[in-house]
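Asker: Can you read through this structure? Questions will come right after.
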Amino acid sequence: MFSSLLVFAGGKEKRKRGGRGPSLCLKVWAMPEGVRIRVSFNDLGQPIGDEARTLSSFLGQIARDGTVAPLTYTDWRFFPEKNKKAIMHLVNVSIPVPLLPLKI
């Protein structure tokens, strides 16, 4: 279940357990069609509450997908528009995210 790693510190052998691994967001991917998770946002447009954690994990899952979010772009302005739309579609199918006006 857990992988272990041997660490030698000060001549002593210590066994270090592996981490939990990345979240697969099975809760989000396995939801029936049409069911969505409502996320609350504060005045600054930041997600709050327990659902914020779910949104964050889901966005991390999408970001680790090299086909949707390739690492070849170092600037968001040069990121292809079709990929941006694909990411927003993936998110909005499960978690409705309102478009908030930018405050400058």
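Following the order of the structure tokens, chains are lettered A, B, ..., residues in each are numbered from 1, and ligands are numbered from 1.
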Could you give me, as a PyMOL selection string, the residues within 8 Å of Ser40 in chain A, counting only C-alpha atoms and dropping anything in the same chain fewer than 2 positions from it?

Answerer: chain A and resi 38+42+47-49+51-52

Asker: For CA of Pro70 in chain A and CA of Glu33 in chain A, quote the distance in Å rounded to one decimal.

Answerer: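 Rounded to one decimal, the two atoms are 27.1 Å apart.
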
Asker: In terms of the shortest atom-to-atom distance over only C-alpha atoms, which of A:Val39, A:Leu44, A:Leu55, A:Leu90 is closest to Cys25 in chain A?

Answerer: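 So, comparing all the options, the nearest one is A:Leu55.
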
Asker: So how far away is CA of Lys85 in chain A from CA of Gly45 in chain A, in Å?

Answerer: 19.7 Å

Asker: For Leu24 in chain A, work out the shell of residues within 12 Å, counting only C-alpha atoms and skipping chain neighbours fewer than 4 positions away, then give it as a PyMOL selection string.

Answerer: chain A and resi 20+28-30+54+56-62+64-65

Asker: May I have the residues from that selection written out with C-alpha atoms, as a tab-separated table (two decimals), in the first residue's frame?

Answerer:
```tsv
chain	number	residue	atom	x	y	z
A	20	ARG	CA	-0.64	9.86	-0.36
A	28	VAL	CA	-16.02	14.99	-9.43
A	29	TRP	CA	-15.36	12.67	-12.39
A	30	ALA	CA	-17.90	10.06	-11.18
A	54	THR	CA	-12.64	20.33	-4.36
A	56	SER	CA	-8.55	23.38	-6.27
A	57	SER	CA	-7.98	19.62	-6.50
A	58	PHE	CA	-9.95	19.42	-9.73
A	59	LEU	CA	-7.97	22.29	-11.30
A	60	GLY	CA	-4.75	20.58	-10.22
A	61	GLN	CA	-5.92	17.38	-11.88
A	62	ILE	CA	-6.59	19.23	-15.14
A	64	ARG	CA	-1.39	17.73	-14.66
A	65	ASP	CA	-3.01	16.55	-17.90
```

Asker: Mind listing the strand (DSSP E) residues of range 3-98 of chain A, per DSSP on the backbone, as a PyMOL selection string?

Answerer: chain A and resi 4-9+12-17+40-41+47-48
